[in-house]
>>> print(open('coords_34.txt').read())   # compact mmCIF, C-alpha atoms
# COMPACT_ATOMS: atom_id res chain seq x y z
CA MET A 479 -34.17 9.72 -49.48
CA THR A 480 -36.66 12.46 -50.44
CA LEU A 481 -36.96 11.19 -54.01
CA LEU A 482 -37.26 7.60 -52.80
CA VAL A 483 -40.23 8.53 -50.61
CA LEU A 484 -41.75 10.79 -53.28
CA PHE A 485 -41.69 8.26 -56.11
CA GLY A 486 -42.19 5.26 -53.84
CA VAL A 487 -45.45 6.60 -52.39
CA PHE A 488 -46.53 7.78 -55.85
CA ALA A 489 -45.99 4.32 -57.37
CA LEU A 490 -47.59 2.54 -54.42
CA THR A 491 -50.76 4.64 -54.44
CA LEU A 492 -51.00 4.66 -58.25
CA TYR A 493 -50.81 0.88 -58.57
CA SER A 494 -53.24 0.51 -55.68
CA GLY A 495 -55.88 2.11 -57.87
CA VAL A 496 -55.72 5.66 -56.51
CA PRO A 497 -56.38 8.26 -59.26
CA VAL A 498 -53.27 9.93 -60.66
CA ALA A 499 -54.02 13.39 -59.27
CA TRP A 500 -54.49 12.10 -55.74
CA SER A 501 -51.38 9.90 -56.05
CA ILE A 502 -49.34 13.00 -56.89
CA ALA A 503 -50.85 14.92 -53.96
CA ILE A 504 -50.37 12.08 -51.45
CA SER A 505 -46.72 11.57 -52.45
CA SER A 506 -45.97 15.29 -51.97
CA LEU A 507 -47.72 15.30 -48.59
CA ALA A 508 -45.82 12.17 -47.53
CA VAL A 509 -42.50 13.94 -48.09
CA ILE A 510 -43.70 16.81 -45.87
CA ALA A 511 -45.18 14.48 -43.23
CA VAL A 512 -41.94 12.56 -42.62
CA GLY A 513 -39.98 15.80 -42.36
CA LEU A 514 -37.86 15.46 -45.49
CA VAL A 515 -39.00 18.90 -46.61
CA PRO A 516 -39.10 21.31 -43.64
CA LEU A 517 -42.37 23.00 -44.53
CA PRO A 518 -45.82 23.02 -42.87
CA PRO A 519 -48.86 21.37 -44.49
CA ALA A 520 -50.27 24.85 -45.08
CA TRP A 521 -47.50 25.38 -47.63
CA PHE A 522 -48.91 22.47 -49.65
CA ALA A 523 -52.36 24.06 -49.65
CA GLN A 524 -50.93 27.41 -50.78
CA GLN A 525 -49.00 25.77 -53.63
CA VAL A 526 -52.06 23.82 -54.76
CA PHE A 527 -54.06 27.05 -54.88
CA ASN A 528 -51.31 28.76 -56.88
CA GLY A 529 -51.26 25.86 -59.33
CA ALA A 530 -54.88 26.48 -60.30
CA ASN A 531 -54.70 30.26 -59.98
CA SER A 532 -53.65 31.01 -63.56
CA ILE A 533 -55.65 33.05 -66.04
CA ALA A 534 -54.11 31.04 -68.89
CA LEU A 535 -55.88 27.91 -67.64
CA ALA A 536 -59.25 29.63 -68.15
CA ALA A 537 -58.73 29.06 -71.89
CA ILE A 538 -59.10 25.29 -71.44
CA PRO A 539 -62.84 25.13 -70.53
CA LEU A 540 -63.62 27.89 -73.05
CA PHE A 541 -62.02 26.00 -75.96
CA LEU A 542 -63.73 22.78 -74.83
CA VAL A 543 -67.11 24.54 -74.73
CA ALA A 544 -66.55 26.01 -78.19
CA GLY A 545 -65.65 22.61 -79.63
CA GLY A 546 -68.59 20.92 -77.94
CA ILE A 547 -71.08 23.50 -79.23
CA MET A 548 -69.74 23.24 -82.78
CA ASN A 549 -69.95 19.46 -82.72
CA GLU A 550 -73.47 19.42 -81.33
CA GLY A 551 -74.36 22.09 -83.87
CA GLY A 552 -73.63 19.85 -86.85
CA LEU A 553 -70.03 20.86 -87.51
CA THR A 554 -68.65 17.33 -87.99
CA ARG A 555 -71.21 16.33 -90.60
CA ARG A 556 -70.69 19.49 -92.66
CA ILE A 557 -66.91 19.16 -92.65
CA ILE A 558 -67.15 15.50 -93.69
CA ASN A 559 -69.42 16.39 -96.63
CA LEU A 560 -66.98 19.05 -97.80
CA CYS A 561 -63.93 16.78 -97.45
CA ASP A 562 -65.79 13.97 -99.24
CA ASP A 563 -66.23 16.25 -102.26
CA LEU A 564 -62.48 16.93 -102.23
CA PHE A 565 -61.10 13.42 -101.64
CA GLY A 566 -63.96 10.95 -102.15
CA ARG A 567 -63.00 10.10 -105.74
CA ILE A 568 -59.49 9.03 -104.69
CA ARG A 569 -58.85 5.33 -104.06
CA GLY A 570 -59.29 4.90 -100.32
CA GLY A 571 -60.47 8.51 -100.22
CA LEU A 572 -62.54 8.19 -97.05
CA GLY A 573 -59.30 7.66 -95.16
CA LEU A 574 -58.16 11.06 -96.41
CA VAL A 575 -61.57 12.52 -95.55
CA ASN A 576 -61.14 11.17 -92.03
CA VAL A 577 -57.72 12.82 -91.61
CA ALA A 578 -58.85 16.14 -93.10
CA THR A 579 -61.90 16.22 -90.83
CA CYS A 580 -59.75 15.52 -87.75
CA MET A 581 -57.42 18.35 -88.78
CA VAL A 582 -60.22 20.93 -89.04
CA TYR A 583 -62.08 19.65 -85.99
CA GLY A 584 -58.84 19.55 -83.99
CA GLY A 585 -58.35 23.22 -84.78
CA ILE A 586 -61.52 23.92 -82.82
CA THR A 587 -61.61 21.54 -79.85
CA GLY A 588 -57.95 21.37 -78.79
CA SER A 589 -58.55 17.88 -77.38
CA ALA A 590 -57.45 14.56 -78.87
CA SER A 591 -60.13 12.48 -77.15
CA ALA A 592 -62.89 14.89 -78.23
CA ASP A 593 -61.55 14.92 -81.79
CA THR A 594 -61.33 11.12 -81.97
CA GLY A 595 -64.74 10.51 -80.42
CA ALA A 596 -66.63 13.10 -82.46
CA VAL A 597 -65.11 12.22 -85.84
CA GLY A 598 -64.97 8.49 -85.16
CA SER A 599 -68.65 8.24 -84.24
CA VAL A 600 -69.53 9.49 -87.73
CA MET A 601 -66.64 8.34 -89.92
CA ILE A 602 -66.12 4.75 -88.71
CA PRO A 603 -69.73 3.65 -89.47
CA ALA A 604 -69.66 5.55 -92.78
CA MET A 605 -66.37 3.93 -93.85
CA THR A 606 -67.58 0.48 -92.80
CA GLU A 607 -70.81 0.96 -94.76
CA ARG A 608 -68.82 1.81 -97.92
CA GLY A 609 -66.72 -1.35 -97.67
CA TYR A 610 -63.63 -0.26 -95.76
CA PRO A 611 -62.18 -2.76 -93.26
CA LYS A 612 -63.36 -1.87 -89.79
CA ASP A 613 -59.86 -2.18 -88.31
CA PHE A 614 -58.46 0.33 -90.84
CA SER A 615 -61.31 2.76 -90.23
CA ALA A 616 -60.65 2.64 -86.50
CA ALA A 617 -56.87 2.90 -86.91
CA VAL A 618 -56.86 5.97 -89.15
CA THR A 619 -59.27 7.69 -86.75
CA ALA A 620 -57.11 6.86 -83.72
CA ALA A 621 -53.99 8.26 -85.39
CA ALA A 622 -55.59 11.34 -86.95
CA GLY A 623 -57.43 12.13 -83.73
CA THR A 624 -54.11 13.17 -82.18
CA LEU A 625 -54.12 16.22 -84.47
CA GLY A 626 -56.49 17.73 -81.90
CA ILE A 627 -53.56 18.43 -79.55
CA ILE A 628 -51.06 19.45 -82.26
CA ILE A 629 -53.16 21.72 -84.49
CA PRO A 630 -53.71 24.86 -82.37
CA PRO A 631 -55.51 25.65 -80.17
CA SER A 632 -54.37 22.80 -77.95
CA VAL A 633 -55.28 22.03 -74.35
CA VAL A 634 -51.98 20.17 -73.91
CA MET A 635 -49.99 23.18 -75.17
CA ILE A 636 -51.76 25.38 -72.63
CA MET A 637 -50.82 22.97 -69.84
CA TYR A 638 -47.22 22.74 -71.04
CA GLY A 639 -46.95 26.51 -71.33
CA VAL A 640 -48.18 27.01 -67.76
CA ILE A 641 -45.90 24.31 -66.30
CA THR A 642 -42.72 25.46 -68.10
CA ASN A 643 -43.51 29.19 -68.32
CA THR A 644 -43.40 29.06 -72.12
CA SER A 645 -45.47 31.47 -74.24
CA ILE A 646 -48.77 29.76 -75.10
CA GLY A 647 -49.23 31.95 -78.16
CA GLY A 648 -45.75 30.99 -79.33
CA LEU A 649 -46.54 27.30 -78.82
CA PHE A 650 -49.74 27.68 -80.85
CA ALA A 651 -47.78 29.32 -83.68
CA ALA A 652 -45.10 26.61 -83.46
CA GLY A 653 -47.71 23.86 -83.80
CA ILE A 654 -49.07 24.98 -87.18
CA ILE A 655 -46.30 23.65 -89.45
CA PRO A 656 -45.83 20.31 -87.60
CA GLY A 657 -49.62 19.89 -87.50
CA LEU A 658 -49.92 20.38 -91.25
CA MET A 659 -46.91 18.13 -91.81
CA LEU A 660 -48.51 15.33 -89.78
CA THR A 661 -51.81 15.83 -91.61
CA VAL A 662 -50.15 15.38 -95.01
CA THR A 663 -48.15 12.40 -93.72
CA PHE A 664 -51.27 10.66 -92.38
CA MET A 665 -53.06 11.34 -95.68
CA LEU A 666 -50.21 9.85 -97.72
CA THR A 667 -50.13 6.83 -95.42
CA ALA A 668 -53.89 6.29 -95.75
CA TYR A 669 -53.66 6.74 -99.53
CA TRP A 670 -50.79 4.25 -99.80
CA ILE A 671 -52.74 1.64 -97.82
CA GLY A 672 -55.89 2.36 -99.85
CA VAL A 673 -54.14 1.84 -103.19
CA ARG A 674 -52.22 -1.22 -102.02
CA GLU A 675 -55.36 -2.95 -100.70
CA ASN A 676 -57.68 -1.63 -103.43
CA PHE A 677 -60.05 0.15 -101.08
CA PRO A 678 -63.25 1.55 -102.64
CA LYS A 679 -63.66 5.05 -103.97
CA SER A 680 -66.73 7.16 -104.53
CA ASP A 681 -68.53 6.57 -107.82
CA THR A 682 -70.25 9.92 -107.64
CA ARG A 683 -68.32 12.78 -109.20
CA PRO A 684 -68.93 15.96 -107.19
CA THR A 685 -70.45 18.81 -109.14
CA VAL A 686 -69.65 22.49 -108.79
CA ALA A 687 -73.11 23.00 -107.33
CA SER A 688 -72.60 20.23 -104.75
CA PHE A 689 -69.17 21.47 -103.73
CA SER A 690 -70.37 25.07 -103.51
CA LYS A 691 -73.31 24.03 -101.32
CA HIS A 692 -71.12 22.02 -98.92
CA LEU A 693 -68.47 24.76 -98.84
CA PHE A 694 -71.08 27.39 -98.02
CA ARG A 695 -72.52 25.26 -95.22
CA ALA A 696 -69.14 24.37 -93.72
CA LEU A 697 -67.35 27.68 -94.23
CA PRO A 698 -68.49 29.39 -90.99
CA ALA A 699 -67.19 26.43 -89.02
CA VAL A 700 -63.98 26.04 -91.05
CA LEU A 701 -63.18 29.73 -90.65
CA MET A 702 -63.51 29.55 -86.88
CA PRO A 703 -59.93 28.33 -86.14
CA VAL A 704 -58.58 30.75 -88.75
CA GLY A 705 -60.33 33.72 -87.15
CA VAL A 706 -59.57 32.71 -83.58
CA LEU A 707 -55.91 31.90 -84.20
CA GLY A 708 -55.45 34.89 -86.48
CA SER A 709 -56.72 37.29 -83.83
CA MET A 710 -54.42 35.74 -81.24
CA LEU A 711 -51.26 35.35 -83.34
CA THR A 712 -51.48 38.93 -84.56
CA GLY A 713 -51.58 40.15 -80.98
CA ILE A 714 -55.16 41.46 -81.02
CA VAL A 715 -56.23 39.15 -78.18
CA THR A 716 -54.56 36.90 -75.60
CA PRO A 717 -55.01 33.09 -75.70
CA THR A 718 -57.71 33.31 -73.00
CA GLU A 719 -59.53 36.09 -74.85
CA ALA A 720 -59.20 34.06 -78.08
CA ALA A 721 -60.94 31.16 -76.31
CA PHE A 722 -63.82 33.48 -75.41
CA VAL A 723 -64.00 34.59 -79.06
CA ALA A 724 -64.22 30.91 -80.00
CA VAL A 725 -67.19 30.39 -77.67
CA VAL A 726 -69.05 33.42 -79.06
CA TRP A 727 -68.32 32.25 -82.62
CA ALA A 728 -69.57 28.73 -81.80
CA VAL A 729 -72.80 30.05 -80.26
CA VAL A 730 -73.48 32.31 -83.24
CA VAL A 731 -72.71 29.63 -85.84
CA GLY A 732 -74.20 26.61 -84.05
CA GLY A 733 -77.17 28.35 -82.51
CA LEU A 734 -78.16 31.15 -84.88
CA LEU A 735 -76.79 30.05 -88.25
CA TYR A 736 -77.01 26.25 -88.17
CA ARG A 737 -79.93 26.30 -85.70
CA GLU A 738 -79.10 22.85 -84.32
CA ILE A 739 -78.30 23.81 -80.72
CA SER A 740 -80.93 23.12 -78.09
CA TRP A 741 -80.88 23.70 -74.34
CA GLY A 742 -80.47 19.95 -73.86
CA LYS A 743 -77.37 19.92 -76.05
CA LEU A 744 -75.93 22.93 -74.24
CA TRP A 745 -76.44 21.14 -70.93
CA LYS A 746 -74.60 18.10 -72.32
CA VAL A 747 -71.69 20.26 -73.50
CA GLY A 748 -71.52 22.00 -70.13
CA ASP A 749 -71.61 18.73 -68.21
CA GLU A 750 -68.78 17.18 -70.26
CA THR A 751 -66.71 20.38 -70.05
CA VAL A 752 -67.03 20.62 -66.28
CA LYS A 753 -65.95 16.99 -65.81
CA LEU A 754 -62.92 17.28 -68.10
CA THR A 755 -61.90 20.71 -66.82
CA GLY A 756 -62.18 19.55 -63.23
CA ALA A 757 -59.84 16.64 -63.90
CA ILE A 758 -57.31 18.89 -65.65
CA MET A 759 -57.41 21.61 -62.98
CA ILE A 760 -56.88 19.14 -60.13
CA ILE A 761 -53.83 17.69 -61.90
CA MET A 762 -52.44 21.17 -62.62
CA ALA A 763 -53.01 22.26 -59.01
CA VAL A 764 -51.25 19.32 -57.32
CA SER A 765 -48.41 19.44 -59.86
CA VAL A 766 -46.95 22.62 -58.35
CA PRO A 767 -45.73 21.21 -54.99
CA PHE A 768 -44.66 17.99 -56.75
CA SER A 769 -42.58 19.95 -59.30
CA TRP A 770 -41.19 22.20 -56.56
CA ILE A 771 -39.84 19.20 -54.67
CA LEU A 772 -38.20 17.85 -57.85
CA THR A 773 -36.57 21.23 -58.44
CA VAL A 774 -35.33 21.64 -54.85
CA GLU A 775 -33.84 18.14 -54.99
CA GLU A 776 -32.01 19.25 -58.19
CA VAL A 777 -33.30 16.34 -60.24
CA PRO A 778 -32.94 18.23 -63.56
CA GLN A 779 -29.37 19.27 -62.71
CA TRP A 780 -28.46 15.77 -61.60
CA THR A 781 -29.90 14.23 -64.77
CA ALA A 782 -28.18 16.81 -66.99
CA GLY A 783 -24.88 16.17 -65.21
CA LEU A 784 -25.23 12.43 -65.72
CA LEU A 785 -25.85 12.88 -69.44
CA HIS A 786 -22.88 15.25 -69.66
CA ASP A 787 -20.60 12.74 -67.92
CA LEU A 788 -21.72 10.07 -70.35
CA GLY A 789 -20.74 12.32 -73.23
CA ALA A 790 -24.30 12.66 -74.54
CA GLY A 791 -24.46 15.63 -76.90
CA TYR A 792 -27.34 17.24 -78.75
CA VAL A 793 -28.24 14.26 -80.93
CA VAL A 794 -28.02 11.56 -78.26
CA THR A 795 -29.80 13.65 -75.62
CA THR A 796 -32.60 14.55 -78.04
CA LEU A 797 -33.08 10.90 -79.01
CA LEU A 798 -33.12 9.91 -75.33
CA ILE A 799 -35.76 12.56 -74.61
CA ILE A 800 -37.91 11.25 -77.48
CA LEU A 801 -37.53 7.64 -76.33
CA LEU A 802 -38.41 8.59 -72.75
CA LEU A 803 -41.48 10.60 -73.71
CA THR A 804 -42.72 7.98 -76.17
CA PHE A 805 -42.22 5.14 -73.68
CA VAL A 806 -43.92 6.96 -70.80
CA GLY A 807 -46.67 8.11 -73.17
CA THR A 808 -47.62 4.52 -73.90
CA TRP A 809 -48.32 3.92 -70.22
CA ALA A 810 -49.48 7.26 -68.80
CA ASP A 811 -51.92 9.94 -69.88
CA LEU A 812 -50.62 13.28 -71.11
CA GLY A 813 -51.45 15.21 -67.94
CA PRO A 814 -49.36 13.10 -65.55
CA THR A 815 -46.59 12.81 -68.16
CA LEU A 816 -46.32 16.60 -68.38
CA ILE A 817 -46.39 17.06 -64.62
CA ILE A 818 -43.68 14.50 -63.86
CA LEU A 819 -41.37 14.95 -66.85
CA ALA A 820 -41.69 18.58 -67.98
CA PRO A 821 -39.87 20.07 -64.94
CA ILE A 822 -37.03 17.57 -65.50
CA VAL A 823 -36.77 17.39 -69.28
CA HIS A 824 -37.41 21.07 -70.11
CA PRO A 825 -34.18 22.48 -68.58
CA ILE A 826 -32.14 19.55 -69.92
CA GLY A 827 -33.44 20.09 -73.44
CA LEU A 828 -32.68 23.80 -73.32
CA GLU A 829 -29.18 23.13 -72.01
CA VAL A 830 -28.24 20.86 -74.93
CA GLY A 831 -29.50 23.37 -77.49
CA LEU A 832 -33.15 22.55 -78.15
CA GLN A 833 -35.29 25.65 -78.70
CA PRO A 834 -38.22 26.33 -76.30
CA TYR A 835 -41.03 25.86 -78.84
CA GLN A 836 -39.23 22.98 -80.49
CA LEU A 837 -39.01 21.19 -77.15
CA GLY A 838 -42.68 21.89 -76.48
CA LEU A 839 -43.71 20.34 -79.79
CA ILE A 840 -41.51 17.31 -79.12
CA PHE A 841 -43.47 16.86 -75.89
CA VAL A 842 -46.84 17.29 -77.60
CA ILE A 843 -46.14 15.08 -80.63
CA SER A 844 -44.55 12.34 -78.50
CA GLY A 845 -47.58 12.44 -76.23
CA GLY A 846 -49.85 12.26 -79.26
CA ILE A 847 -48.05 9.17 -80.55
CA GLY A 848 -48.49 7.60 -77.13
CA LEU A 849 -52.26 8.08 -77.46
CA PHE A 850 -52.41 5.52 -80.28
CA THR A 851 -49.65 3.21 -79.04
CA PRO A 852 -50.53 0.15 -76.89
CA PRO A 853 -50.86 -0.95 -74.18
CA VAL A 854 -52.60 2.16 -72.77
CA GLY A 855 -53.25 4.27 -75.87
CA THR A 856 -56.42 6.20 -75.03
CA ASN A 857 -57.42 6.78 -78.65
CA ILE A 858 -57.24 3.05 -79.38
CA PHE A 859 -59.85 2.28 -76.74
CA VAL A 860 -62.07 5.14 -77.95
CA VAL A 861 -62.17 3.85 -81.54
CA CYS A 862 -62.44 0.21 -80.50
CA ASN A 863 -65.49 1.08 -78.42
CA ILE A 864 -67.06 2.90 -81.37
CA ALA A 865 -66.20 0.22 -83.94
CA LYS A 866 -66.97 -2.71 -81.61
CA ILE A 867 -63.67 -4.37 -82.48
CA GLY A 868 -60.73 -5.79 -80.55
CA VAL A 869 -57.52 -3.92 -79.80
CA ASN A 870 -55.13 -6.30 -81.60
CA PRO A 871 -56.36 -5.84 -85.21
CA VAL A 872 -56.46 -2.06 -84.76
CA THR A 873 -52.95 -2.07 -83.29
CA ARG A 874 -51.60 -3.94 -86.34
CA ARG A 875 -53.24 -1.40 -88.65
CA LEU A 876 -51.64 1.44 -86.70
CA ILE A 877 -48.05 0.37 -87.46
CA PRO A 878 -47.70 2.45 -90.70
CA PHE A 879 -49.12 5.51 -88.92
CA PHE A 880 -46.75 4.94 -86.00
CA ILE A 881 -43.77 4.88 -88.37
CA SER A 882 -44.84 7.96 -90.37
CA SER A 883 -45.61 10.01 -87.24
CA ASN A 884 -42.21 9.19 -85.75
CA ILE A 885 -40.54 10.36 -88.96
CA CYS A 886 -42.33 13.70 -88.52
CA LEU A 887 -41.25 13.80 -84.88
CA LEU A 888 -37.60 13.35 -85.88
CA VAL A 889 -37.93 16.14 -88.45
CA VAL A 890 -39.25 18.45 -85.73
CA ALA A 891 -36.47 17.37 -83.36
CA PHE A 892 -33.62 17.97 -85.79
CA VAL A 893 -34.96 20.76 -88.00
CA PRO A 894 -35.64 23.66 -85.60
CA ALA A 895 -37.10 25.84 -88.37
CA THR A 896 -40.25 23.69 -88.40
CA THR A 897 -41.20 25.08 -84.99
CA GLU A 898 -39.16 28.26 -84.58
CA TRP A 899 -39.61 30.08 -87.90
CA LEU A 900 -43.31 30.96 -87.62
CA PRO A 901 -43.24 32.12 -83.96
CA LYS A 902 -40.27 34.40 -84.75
CA LEU A 903 -42.06 35.72 -87.81
CA LEU A 904 -45.08 36.59 -85.67
CA GLY A 905 -42.98 38.18 -82.94
CA PHE A 906 -43.15 35.51 -80.21
>>> encode(input="coords_34.txt", output="structure tokens")
Amino acid sequence: MTLLVLFGVFALTLYSGVPVAWSIAISSLAVIAVGLVPLPPAWFAQQVFNGANSIALAAIPLFLVAGGIMNEGGLTRRIINLCDDLFGRIRGGLGLVNVATCMVYGGITGSASADTGAVGSVMIPAMTERGYPKDFSAAVTAAAGTLGIIIPPSVVMIMYGVITNTSIGGLFAAGIIPGLMLTVTFMLTAYWIGVRENFPKSDTRPTVASFSKHLFRALPAVLMPVGVLGSMLTGIVTPTEAAFVAVVWAVVVGGLLYREISWGKLWKVGDETVKLTGAIMIIMAVSVPFSWILTVEEVPQWTAGLLHDLGAGYVVTTLLIILLLTFVGTWADLGPTLIILAPIVHPIGLEVGLQPYQLGLIFVISGGIGLFTPPVGTNIFVVCNIAKIGVNPVTRRLIPFFISSNICLLVVAFVPATTEWLPKLLGF
């Protein structure tokens, strides 16, 4: 009865147009109000406070500020120029430039939507101007933009770590190999499409002087994720302290070195960060009582017992987890998906033999795939708005990227070394 009320009220309020965070809060309060959980309303308030009272969550606005400052400070343009020197001469090379830029930019912002919007606003018009089909330009940006949550630092990994009590530093280390693997896979997919459809390539051969100039200009920005992650993974700083280092680095590079940061741009970065952080913190806060009710009602144990009775072993359970996360990811944003499913799926995955960081990356990659999968793929709508194109042609172009990314997901799911080797090497 408790679960019926919990999910019934949640579904009713959600489909009535109530924002997700408030739907989660109202459904938890409804369970308390009808007496199914013998606790006072004050308990709900205490749990909501505890949900936001985590020092690890302070890293989220700091990483978002660092990424915003670097973008406003001319980071995107400098990275694109450097990547163009490296890949522009290849057939369909701007597709590879797009992916490479998203990889580097994603290592700074930690946000898929920020990555997609920042890179897409520059790359999609540039690719269209050079003769690339607009639907392909939008599709490769939508897919590669998900690298922002897989290449560390990652806002989603921070949220997952807080919800499941998994080491955030370990998750960051675990995301490096899968992130690079997805980057190479997206590049090969873009190259294959470019050769097959005879996309243009740059007629200008980059010179040593040109490459050196672009490398010198982009190097302070490119080295930022290396320095920040290096200091954190070696144990010098915590993830939250690493986020502060990222902000200082961004201010020095964007404001003093590049000299493209104005007070107006800083205000814009602050405004966007406050809005996004507020939305994330509200979701994280109301998730605690919601997750507590799921745990008390033994939903994870019941689900694990059902799978055990059905004879579902490691392989079948892992495939079911992937199917569930991918399906839900096509309809719901990553925040609500984590809040509802992580408390249920995390213990089940550990019980069948999945490793903690491996399970975390399955969550993150599946969620990333959902961001460019219709009908509610956020990245699709971002690039369609930039490119001024319909959803259907972009969706068709995304099919090869959907297939290649799922291949990478299966490798992560069934080859634990891809996520466990590096964290163990670094002592996590």
>>> atom_distance(input="coords_34.txt", atom1="CA of Thr851 in chain A", atom2="CA of Leu540 in chain A")
29.0 Å
>>> residues_around(input="coords_34.txt", residues="range 856-868 of chain A", least_positions_apart="3", cutoff="10 Å", atoms="all atoms listed in the file", output="number ranges by chain")
A: 590-595, 597-600, 602-603, 606, 612-613, 615-624, 808-812, 846-853, 871-873, 876
>>> closest_residue(input="coords_34.txt", among="A:Ala652, A:Leu735, A:Ala721, A:Ile881", to="Pro894 in chain A", atoms="only C-alpha atoms")
A:Ala652
>>> atom_distance(input="coords_34.txt", atom1="CA of Phe565 in chain A", atom2="CA of Lys679 in chain A")
9.1 Å
>>> residues_around(input="coords_34.txt", residues="range 759-769 of chain A", least_positions_apart="4", cutoff="9 Å", atoms="only C-alpha atoms", output="PDB file with C-alpha atoms, in the frame of the given file")
ATOM      1  CA  LEU A 484     -41.750  10.790 -53.280  1.00  0.00           C
ATOM      2  CA  VAL A 498     -53.270   9.930 -60.660  1.00  0.00           C
ATOM      3  CA  ALA A 499     -54.020  13.390 -59.270  1.00  0.00           C
ATOM      4  CA  TRP A 500     -54.490  12.100 -55.740  1.00  0.00           C
ATOM      5  CA  ILE A 502     -49.340  13.000 -56.890  1.00  0.00           C
ATOM      6  CA  ALA A 503     -50.850  14.920 -53.960  1.00  0.00           C
ATOM      7  CA  SER A 505     -46.720  11.570 -52.450  1.00  0.00           C
ATOM      8  CA  SER A 506     -45.970  15.290 -51.970  1.00  0.00           C
ATOM      9  CA  LEU A 507     -47.720  15.300 -48.590  1.00  0.00           C
ATOM     10  CA  TRP A 521     -47.500  25.380 -47.630  1.00  0.00           C
ATOM     11  CA  PHE A 522     -48.910  22.470 -49.650  1.00  0.00           C
ATOM     12  CA  ALA A 523     -52.360  24.060 -49.650  1.00  0.00           C
ATOM     13  CA  GLN A 525     -49.000  25.770 -53.630  1.00  0.00           C
ATOM     14  CA  VAL A 526     -52.060  23.820 -54.760  1.00  0.00           C
ATOM     15  CA  PHE A 527     -54.060  27.050 -54.880  1.00  0.00           C
ATOM     16  CA  ASN A 528     -51.310  28.760 -56.880  1.00  0.00           C
ATOM     17  CA  GLY A 529     -51.260  25.860 -59.330  1.00  0.00           C
ATOM     18  CA  ALA A 530     -54.880  26.480 -60.300  1.00  0.00           C
ATOM     19  CA  ASN A 531     -54.700  30.260 -59.980  1.00  0.00           C
ATOM     20  CA  LEU A 535     -55.880  27.910 -67.640  1.00  0.00           C
ATOM     21  CA  MET A 637     -50.820  22.970 -69.840  1.00  0.00           C
ATOM     22  CA  VAL A 640     -48.180  27.010 -67.760  1.00  0.00           C
ATOM     23  CA  ILE A 641     -45.900  24.310 -66.300  1.00  0.00           C
ATOM     24  CA  LEU A 754     -62.920  17.280 -68.100  1.00  0.00           C
ATOM     25  CA  THR A 755     -61.900  20.710 -66.820  1.00  0.00           C
ATOM     26  CA  THR A 773     -36.570  21.230 -58.440  1.00  0.00           C
ATOM     27  CA  VAL A 774     -35.330  21.640 -54.850  1.00  0.00           C
ATOM     28  CA  GLY A 813     -51.450  15.210 -67.940  1.00  0.00           C
ATOM     29  CA  PRO A 814     -49.360  13.100 -65.550  1.00  0.00           C
ATOM     30  CA  ILE A 817     -46.390  17.060 -64.620  1.00  0.00           C
ATOM     31  CA  ILE A 818     -43.680  14.500 -63.860  1.00  0.00           C
ATOM     32  CA  ALA A 820     -41.690  18.580 -67.980  1.00  0.00           C
ATOM     33  CA  PRO A 821     -39.870  20.070 -64.940  1.00  0.00           C
ATOM     34  CA  ILE A 822     -37.030  17.570 -65.500  1.00  0.00           C
TER      35      ILE A 822
END
>>> atom_distance(input="coords_34.txt", atom1="CA of Asp563 in chain A", atom2="CA of Ser688 in chain A")
7.9 Å
>>> closest_residue(input="coords_34.txt", among="A:Val794, A:Ala544, A:Met581, A:Leu802", to="Ala724 in chain A", atoms="all atoms listed in the file")
A:Ala544
>>> closest_residue(input="coords_34.txt", among="A:Ile557, A:Ala511, A:Val483, A:Leu832", to="Ala891 in chain A", atoms="all atoms listed in the file")
A:Leu832
>>> closest_residue(input="coords_34.txt", among="A:Met605, A:Ser632, A:Tyr638, A:Val889", to="Pro717 in chain A", atoms="all atoms listed in the file")
A:Ser632
>>> residues_around(input="coords_34.txt", residues="Gly486 in chain A", least_positions_apart="5", cutoff="12 Å", atoms="all atoms listed in the file", output="number ranges by chain")
A: 479-481, 491-493, 501-502, 504-506, 508-509
>>> residues_around(input="coords_34.txt", residues="range 627-629 of chain A", least_positions_apart="2", cutoff="10 Å", atoms="only C-alpha atoms", output="JSON, numbers by chain")
{"A": [580, 581, 582, 583, 584, 585, 586, 587, 588, 589, 590, 591, 593, 623, 624, 625, 631, 632, 633, 634, 635, 636, 649, 650, 651, 652, 653, 654, 655, 656, 657, 658, 660, 661, 703, 839, 842, 843, 845, 846]}
>>> closest_residue(input="coords_34.txt", among="A:Asn576, A:Thr804, A:Ser882, A:Thr718", to="Phe841 in chain A", atoms="only C-alpha atoms")
A:Thr804
